[in-house]
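> For reference, the file work-v1.cif (mmCIF, C-alpha atoms) is included below:
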```cif
data_run
#
loop_
_atom_site.label_atom_id
_atom_site.label_comp_id
_atom_site.auth_asym_id
_atom_site.auth_seq_id
_atom_site.Cartn_x
_atom_site.Cartn_y
_atom_site.Cartn_z
CA MET A 1 9.62 -5.73 -0.96
CA ALA A 2 7.66 -3.98 1.76
CA LYS A 3 9.19 -1.13 3.76
CA TYR A 4 6.55 -0.93 6.46
CA ARG A 5 3.04 -2.16 7.22
CA TYR A 6 0.19 -0.74 9.27
CA ILE A 7 -1.28 -2.68 12.18
CA TYR A 8 -4.45 -1.34 13.76
CA THR A 9 -4.24 -0.76 17.51
CA THR A 10 -7.49 -2.70 17.83
CA PHE A 11 -5.43 -5.79 16.98
CA TRP A 12 -4.77 -6.20 20.70
CA GLN A 13 -8.49 -5.97 21.53
CA ASP A 14 -9.65 -8.53 19.00
CA PRO A 15 -11.41 -11.40 20.84
CA LYS A 16 -9.48 -14.00 18.85
CA VAL A 17 -6.18 -12.39 19.81
CA LEU A 18 -7.20 -11.93 23.45
CA GLU A 19 -8.78 -15.29 24.11
CA GLU A 20 -7.38 -17.77 21.61
CA MET A 21 -3.80 -16.74 20.93
CA THR A 22 -0.80 -17.55 23.04
CA PRO A 23 2.04 -15.00 23.32
CA GLU A 24 3.89 -17.07 20.72
CA ASP A 25 0.87 -16.92 18.40
CA LYS A 26 0.72 -13.13 18.69
CA TYR A 27 4.41 -12.82 17.91
CA PHE A 28 4.08 -15.13 14.93
CA TYR A 29 1.02 -13.34 13.55
CA ILE A 30 2.69 -9.93 13.77
CA TYR A 31 5.63 -11.42 11.87
CA LEU A 32 3.31 -12.73 9.14
CA LEU A 33 1.73 -9.28 8.83
CA THR A 34 4.95 -7.28 8.75
CA ASN A 35 7.83 -9.36 7.39
CA PRO A 36 9.77 -8.03 4.36
CA ASN A 37 8.05 -10.44 1.94
CA THR A 38 4.56 -9.03 2.53
CA THR A 39 2.76 -7.47 -0.41
CA GLN A 40 -0.07 -5.08 -1.17
CA ILE A 41 -2.45 -7.99 -1.86
CA GLY A 42 -1.76 -10.05 1.26
CA ILE A 43 -0.35 -13.00 -0.69
CA TYR A 44 3.37 -13.54 -0.79
CA GLN A 45 6.01 -16.20 -1.27
CA ILE A 46 8.08 -17.18 1.73
CA THR A 47 9.89 -20.36 2.71
CA LYS A 48 9.68 -22.06 6.07
CA LYS A 49 13.45 -21.84 6.39
CA GLN A 50 13.30 -18.06 5.99
CA ILE A 51 10.62 -17.79 8.67
CA ALA A 52 12.66 -19.99 10.98
CA PHE A 53 15.83 -17.98 10.39
CA GLU A 54 14.22 -14.56 10.89
CA MET A 55 12.23 -15.59 13.96
CA GLY A 56 14.90 -17.74 15.56
CA TYR A 57 12.70 -20.84 15.48
CA SER A 58 13.31 -24.36 14.24
CA VAL A 59 11.63 -25.45 11.01
CA GLU A 60 9.57 -27.92 13.06
CA SER A 61 8.23 -25.06 15.20
CA VAL A 62 7.37 -23.08 12.07
CA ASN A 63 5.51 -26.09 10.66
CA SER A 64 3.52 -26.34 13.86
CA LEU A 65 2.67 -22.63 13.89
CA LEU A 66 1.62 -22.60 10.24
CA ASP A 67 -0.61 -25.60 10.84
CA ARG A 68 -2.18 -23.94 13.89
CA PHE A 69 -2.85 -20.68 12.06
CA GLU A 70 -4.33 -22.46 9.07
CA ASN A 71 -6.44 -25.14 10.74
CA CYS A 72 -7.14 -23.75 14.21
CA HIS A 73 -7.16 -19.96 13.93
CA LYS A 74 -8.11 -20.07 10.22
CA LEU A 75 -6.21 -16.87 9.51
CA ILE A 76 -3.91 -18.03 6.73
CA LYS A 77 -3.48 -20.50 3.90
CA TYR A 78 -0.08 -21.87 2.96
CA ASN A 79 0.77 -23.75 -0.23
CA ASN A 80 3.71 -26.08 0.37
CA GLN A 81 4.35 -26.52 -3.35
CA THR A 82 4.46 -22.85 -4.40
CA ARG A 83 5.53 -21.68 -0.92
CA GLU A 84 2.91 -18.95 -1.06
CA LEU A 85 1.14 -17.66 2.03
CA ALA A 86 -2.21 -15.84 2.06
CA LEU A 87 -3.43 -13.65 4.93
CA LEU A 88 -7.18 -14.22 4.87
CA ASN A 89 -8.16 -11.03 6.72
CA TRP A 90 -5.74 -8.81 4.80
CA GLY A 91 -8.32 -7.37 2.44
CA LYS A 92 -10.65 -6.42 5.27
CA TYR A 93 -8.17 -3.93 6.72
CA ASN A 94 -5.69 -3.09 3.97
CA LEU A 95 -7.57 -3.13 0.67
CA THR A 96 -10.08 -0.39 1.37
CA LYS A 97 -8.97 2.29 -1.10
CA GLY A 98 -8.64 2.14 -4.86
CA GLY A 99 -7.19 4.59 -7.36
CA LYS A 100 -4.79 4.06 -10.24
CA PRO A 101 -1.52 3.70 -8.26
CA VAL A 102 -3.09 1.15 -5.92
CA MET A 103 -4.90 -0.77 -8.66
CA ASP A 104 -1.78 -0.94 -10.82
CA CYS A 105 0.18 -2.38 -7.92
CA ILE A 106 -2.57 -4.91 -7.16
CA LYS A 107 -2.77 -6.06 -10.79
CA LYS A 108 0.98 -6.53 -10.98
CA GLU A 109 1.11 -8.58 -7.79
CA LEU A 110 -1.97 -10.66 -8.62
CA SER A 111 -0.48 -11.64 -11.97
CA GLY A 112 2.48 -13.17 -10.14
CA VAL A 113 0.46 -15.43 -7.83
CA LYS A 114 0.85 -19.09 -8.77
CA ASP A 115 -1.90 -20.60 -6.61
CA ARG A 116 -5.08 -18.84 -7.78
CA SER A 117 -7.14 -20.39 -4.98
CA LEU A 118 -5.29 -18.11 -2.55
CA ILE A 119 -6.57 -15.08 -4.47
CA ALA A 120 -10.16 -16.28 -4.09
CA ALA A 121 -9.60 -16.93 -0.38
CA VAL A 122 -8.35 -13.38 0.27
CA ALA A 123 -11.10 -11.86 -1.90
CA LYS A 124 -13.83 -13.09 0.47
CA LYS A 125 -13.00 -10.47 3.11
CA ILE A 126 -12.41 -7.49 0.78
CA ARG A 127 -15.00 -4.76 1.34
CA ASN A 128 -14.07 -2.55 -1.62
CA GLU A 129 -16.22 -4.00 -4.40
CA LYS A 130 -14.00 -2.81 -7.24
CA ILE A 131 -10.90 -4.40 -5.73
CA LYS A 132 -12.84 -7.54 -4.84
CA GLN A 133 -14.01 -7.99 -8.44
CA LEU A 134 -10.44 -7.56 -9.65
CA PHE A 135 -9.30 -10.32 -7.29
CA LEU A 136 -12.08 -12.62 -8.46
CA ARG A 137 -11.14 -12.05 -12.09
CA TYR A 138 -7.57 -13.11 -11.39
CA ALA A 139 -8.79 -16.05 -9.31
CA ASP A 140 -10.73 -17.35 -12.32
CA ASP A 141 -8.40 -19.66 -14.25
CA THR A 142 -10.76 -19.67 -17.22
CA TYR A 143 -10.61 -15.89 -17.41
CA HIS A 144 -6.82 -15.96 -17.42
CA ASP A 145 -6.58 -18.74 -19.96
CA THR A 146 -8.84 -16.74 -22.26
CA LEU A 147 -6.85 -13.60 -21.60
CA ASP A 148 -3.58 -15.34 -22.40
CA ASP A 149 -5.02 -16.72 -25.64
CA THR A 150 -6.23 -13.26 -26.55
CA TYR A 151 -2.83 -11.71 -26.09
CA HIS A 152 -0.91 -14.37 -27.95
CA ASP A 153 -3.30 -15.53 -30.65
CA THR A 154 -3.63 -12.43 -32.79
CA SER A 155 -3.84 -14.40 -36.02
CA THR A 156 -7.61 -14.86 -35.67
CA THR A 157 -10.22 -12.16 -36.13
CA ARG A 158 -11.43 -12.71 -32.56
CA GLY A 159 -7.92 -12.37 -31.21
CA GLN A 160 -7.33 -9.15 -33.11
CA LYS A 161 -10.62 -7.66 -31.92
CA GLU A 162 -9.87 -8.55 -28.32
CA LYS A 163 -6.42 -7.02 -28.60
CA GLU A 164 -7.93 -3.83 -30.01
CA LYS A 165 -10.35 -3.72 -27.08
CA GLU A 166 -7.47 -4.01 -24.63
CA LYS A 167 -5.64 -1.18 -26.37
CA GLU A 168 -8.79 0.92 -26.18
CA LYS A 169 -8.97 0.32 -22.44
CA GLU A 170 -5.40 1.54 -22.06
CA LYS A 171 -6.22 4.94 -23.55
CA TYR A 172 -6.26 7.77 -21.08
CA HIS A 173 -9.64 8.89 -19.87
CA TYR A 174 -10.81 11.32 -17.25
CA PRO A 175 -14.19 12.58 -16.04
CA ASP A 176 -15.03 15.77 -17.91
CA ASP A 177 -18.39 15.92 -16.15
CA ASP A 178 -16.88 15.87 -12.65
CA ALA A 179 -17.00 19.38 -11.17
CA ASP A 180 -14.36 18.62 -8.53
CA PHE A 181 -12.00 17.23 -11.14
CA ARG A 182 -12.53 20.26 -13.38
CA GLU A 183 -11.71 22.57 -10.50
CA VAL A 184 -8.51 20.71 -9.61
CA SER A 185 -7.38 20.39 -13.23
CA SER A 186 -8.05 24.08 -13.81
CA PHE A 187 -6.02 24.94 -10.71
CA TYR A 188 -3.21 22.69 -11.95
CA GLN A 189 -3.10 24.31 -15.38
CA SER A 190 -3.22 27.81 -13.91
CA ASN A 191 -0.31 27.17 -11.56
CA ILE A 192 1.76 24.33 -13.03
CA GLY A 193 1.20 24.29 -16.77
CA VAL A 194 -0.44 22.33 -19.55
CA MET A 195 -1.94 19.08 -18.29
CA SER A 196 -1.14 16.00 -20.35
CA PRO A 197 -3.68 13.16 -20.66
CA TYR A 198 -1.49 11.03 -18.39
CA VAL A 199 -1.41 13.67 -15.64
CA ALA A 200 -5.15 14.19 -16.07
CA GLU A 201 -5.81 10.52 -15.42
CA CYS A 202 -3.47 10.48 -12.45
CA ILE A 203 -5.20 13.51 -10.97
CA ALA A 204 -8.60 11.89 -11.46
CA ASP A 205 -7.39 8.72 -9.72
CA TRP A 206 -5.84 10.63 -6.82
CA CYS A 207 -9.07 12.59 -6.41
CA LYS A 208 -10.81 9.25 -5.86
CA THR A 209 -8.04 7.71 -3.75
CA LEU A 210 -7.64 10.70 -1.41
CA SER A 211 -9.85 13.69 -2.22
CA PRO A 212 -9.95 16.66 -4.63
CA ALA A 213 -9.14 18.98 -1.72
CA LEU A 214 -5.95 17.07 -0.88
CA VAL A 215 -4.85 16.99 -4.52
CA LYS A 216 -5.35 20.74 -4.71
CA GLU A 217 -3.41 21.19 -1.47
CA ALA A 218 -0.51 19.15 -2.88
CA ILE A 219 -0.45 21.37 -5.97
CA LYS A 220 -0.40 24.47 -3.74
CA ARG A 221 2.60 23.12 -1.85
CA ALA A 222 4.46 22.40 -5.06
CA VAL A 223 3.87 26.00 -6.14
CA GLU A 224 5.01 27.33 -2.75
CA GLN A 225 8.21 25.29 -3.01
CA ASN A 226 8.60 26.40 -6.64
CA VAL A 227 8.79 22.77 -7.77
CA ARG A 228 6.24 22.79 -10.56
CA LYS A 229 6.44 19.13 -11.50
CA TRP A 230 3.79 16.42 -11.38
CA SER A 231 6.31 13.93 -9.98
CA TYR A 232 6.81 16.19 -6.96
CA ILE A 233 3.07 16.63 -6.47
CA GLU A 234 2.51 12.89 -6.67
CA SER A 235 5.28 12.25 -4.13
CA ILE A 236 3.36 14.45 -1.67
CA LEU A 237 0.13 12.56 -2.37
CA LYS A 238 1.85 9.19 -1.94
CA SER A 239 3.26 10.34 1.39
CA TRP A 240 -0.20 11.35 2.61
CA HIS A 241 -1.67 8.09 1.35
CA ASP A 242 0.98 6.10 3.23
CA GLN A 243 0.21 8.10 6.38
CA ASN A 244 -3.52 7.41 5.91
CA VAL A 245 -4.29 11.14 5.78
CA GLN A 246 -7.95 11.84 5.01
CA THR A 247 -8.39 15.63 5.04
CA VAL A 248 -6.52 18.90 4.55
CA GLU A 249 -7.14 19.62 8.23
CA GLU A 250 -5.20 16.49 9.18
CA VAL A 251 -2.32 17.59 6.96
CA LYS A 252 -2.20 21.02 8.57
CA ALA A 253 -2.44 19.51 12.05
CA GLU A 254 0.56 17.30 11.27
CA ASP A 255 2.43 20.35 9.94
CA GLU A 256 1.75 22.14 13.22
CA ARG A 257 2.96 19.15 15.25
CA ARG A 258 6.13 19.05 13.18
CA ARG A 259 6.76 22.76 13.73
CA THR A 260 6.19 22.33 17.45
CA ARG A 261 8.69 19.48 17.63
CA LYS A 262 11.28 21.52 15.73
CA GLY A 263 10.65 24.51 18.00
CA LYS A 264 11.20 22.45 21.13
CA ALA A 265 14.39 20.97 19.72
CA HIS A 266 15.65 24.48 18.92
CA VAL A 267 14.88 25.73 22.45
CA ILE A 268 16.71 22.79 24.01
CA GLU A 269 19.71 23.40 21.78
CA GLN A 270 19.79 27.12 22.63
CA SER A 271 19.42 26.50 26.37
CA THR A 272 22.29 24.01 26.61
CA PRO A 273 25.04 25.73 28.64
CA TYR A 274 28.54 25.81 27.29
CA LYS A 275 31.47 25.22 29.60
CA LEU A 276 34.23 27.76 29.23
CA LEU A 277 37.70 26.34 29.15
CA THR A 278 39.64 28.37 31.73
CA PRO A 279 43.43 28.60 31.69
CA ASP A 280 43.85 26.15 34.56
CA LYS A 281 42.22 23.48 32.39
CA PHE A 282 45.03 23.57 29.86
CA LEU A 283 47.78 21.02 30.10
CA PHE A 284 51.26 22.43 29.78
#
```
Could you write out this structure as structure tokens?

Amino acid sequence: MAKYRYIYTTFWQDPKVLEEMTPEDKYFYIYLLTNPNTTQIGIYQITKKQIAFEMGYSVESVNSLLDRFENCHKLIKYNNQTRELALLNWGKYNLTKGGKPVMDCIKKELSGVKDRSLIAAVAKKIRNEKIKQLFLRYADDTYHDTLDDTYHDTSTTRGQKEKEKEKEKEKYHYPDDDADFREVSSFYQSNIGVMSPYVAECIADWCKTLSPALVKEAIKRAVEQNVRKWSYIESILKSWHDQNVQTVEEVKAEDERRRTRKGKAHVIEQSTPYKLLTPDKFLF
């Protein structure tokens, strides 16, 4: 279940929003983008009754809005049988970065989609080629049928070989020839401790998802707080990823803003006058 979703401020300047949408359309679209059922992949299951209840509409109104968004605005697809809804522009704005944590989440959610045609529909607008290819693989029923046979039919030589290949893919790997990765991993081992293959792969993925400089900065902060654990470092990285932080400079700027806010709050607290309770205020 989603906790929050980003909406670009340019949403309000989009020609389709400005010229084609009514106030009701805008309200409905924001709901579709931010309701608790939304997922990382832009495809989620939701019933018309739930939409009606949460928006305060009748089911008939919801039917009308869904039809308008699918056939007029062409922004969604809704499957009445599986009750799955796809946001067709989701990949254009939300599926721009990869990395192991993101890809793992995408794979998990894609595997749960019942209507594969919705996956193909969302894939069309995805700009990140790696993520787009992953979507297309899951959209291919033939690919999944073959994959299922591979996992379950291990009695044949072909099935056993395919299973071995899948196991091989699951082995940890990291780029020994990447200078940035070597620098970060060396910094980790000097300040945190021995780096396991799992941590090495996570670091490599975070270097791609954010940047080597940000990963190194997260390690520094763990050392400063004397919390020398990978889980703590990764929690910092996830926080920056959720905030769409791109550089160390942005992190430090946010730190400064936070200190400024705390300073102002402290000044206000200190400057608040206290009223002295004089004897004539007591009740006898």
> Can you list what the PyMOL selection byres ((chain A and resi 25) around 12) grabs from this structure, as a ChimeraX atom specification?
/A:16-24,26-32,61-62,64-69,72-73,75
> Starting from the PyMOL selection byres ((chain A and resi 97) around 10), expand the selection into actual residues of this file and give them as a list in words.
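That expression, the PyMOL selection byres ((chain A and resi 97) around 10), corresponds here to Asn94, Leu95, Thr96, Gly98, Gly99, Val102, Met103, Arg127, Asn128, Lys130, Ile131, Lys208, Thr209, Leu210 and His241 of chain A.
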> From the set A:Arg83, A:Lys220, A:Arg137, A:Lys107, which residue has the shortest atom-to-atom contact distance to Ile233 (chain A), counting all atoms listed in the file?
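Distance minimum relative to Ile233 (chain A) lands on A:Lys220.
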> Within 10 Å of Asn244 (chain A), counting all atoms listed in the file, which residues show up once you throw out same-chain ones fewer than 4 positions away? Write them as a ChimeraX atom specification, please.
/A:6,210,238-240,250
> Between CA of Thr34 (chain A) and CA of Lys77 (chain A), measure the distance and give it in Å to one decimal.
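Distance reported for this atom pair: 16.4 Å.
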> I need the residue nearest Arg221 (chain A) from this list: A:Val245, A:Leu118, A:Ile192, A:Ala200. Use only C-alpha atoms for the distance.
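Nearest candidate to Arg221 (chain A) out of A:Val245, A:Leu118, A:Ile192, A:Ala200: A:Ile192.
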> With only C-alpha atoms as the counted atoms, please give the residues lying no more than 10 Å from Val251 (chain A), apart from itself and same-chain residues fewer than 5 positions off, as a short mmCIF file (atom, residue, chain, number, x, y, z; two decimals) with C-alpha atoms, in the frame of the given file.

```cif
data_model
loop_
_atom_site.label_atom_id
_atom_site.label_comp_id
_atom_site.auth_asym_id
_atom_site.auth_seq_id
_atom_site.Cartn_x
_atom_site.Cartn_y
_atom_site.Cartn_z
CA LEU A 214 -5.95 17.07 -0.88
CA GLU A 217 -3.41 21.19 -1.47
CA TRP A 240 -0.20 11.35 2.61
CA GLN A 243 0.21 8.10 6.38
CA VAL A 245 -4.29 11.14 5.78
CA GLN A 246 -7.95 11.84 5.01
CA GLU A 256 1.75 22.14 13.22
CA ARG A 257 2.96 19.15 15.25
#
```
> When distances are computed from only C-alpha atoms, which of A:Thr38, A:Ser58, A:Ser231, A:Asn71 shows the smallest separation from Ala86 (chain A)?
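Once distances to Ala86 (chain A) are computed over only C-alpha atoms, the minimum belongs to A:Thr38.
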> Enumerate, as a PyMOL selection string, the residues matched when the PyMOL selection byres ((chain A and resi 47) around 12) is run on the file above.
chain A and resi 32+37+44-46+48-54+59+62-63+66+78-85
> For CA of Val248 (chain A) and CA of Gly263 (chain A), determine how far apart the two atoms are, in Å to one decimal place.
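Answer for the CA of Val248 (chain A) to CA of Gly263 (chain A) separation: 22.5 Å.
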> With all atoms listed in the file as the basis for distance, which of A:Asp140, A:Gln13, A:Tyr198, A:Val223 is at the shortest distance from Lys100 (chain A)?
A:Tyr198
> Report, in Å to a single decimal, how far apart CA of Phe11 (chain A) and CA of Pro101 (chain A) are.
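Between CA of Pro101 (chain A) and CA of Phe11 (chain A) the gap is 27.2 Å.
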> My list of candidates is A:Arg116, A:Gln40, A:Arg228, A:Val122. Which is closest to Lys74 (chain A) when distances are computed with all atoms listed in the file?
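Among the listed residues, A:Val122 lies closest to Lys74 (chain A).
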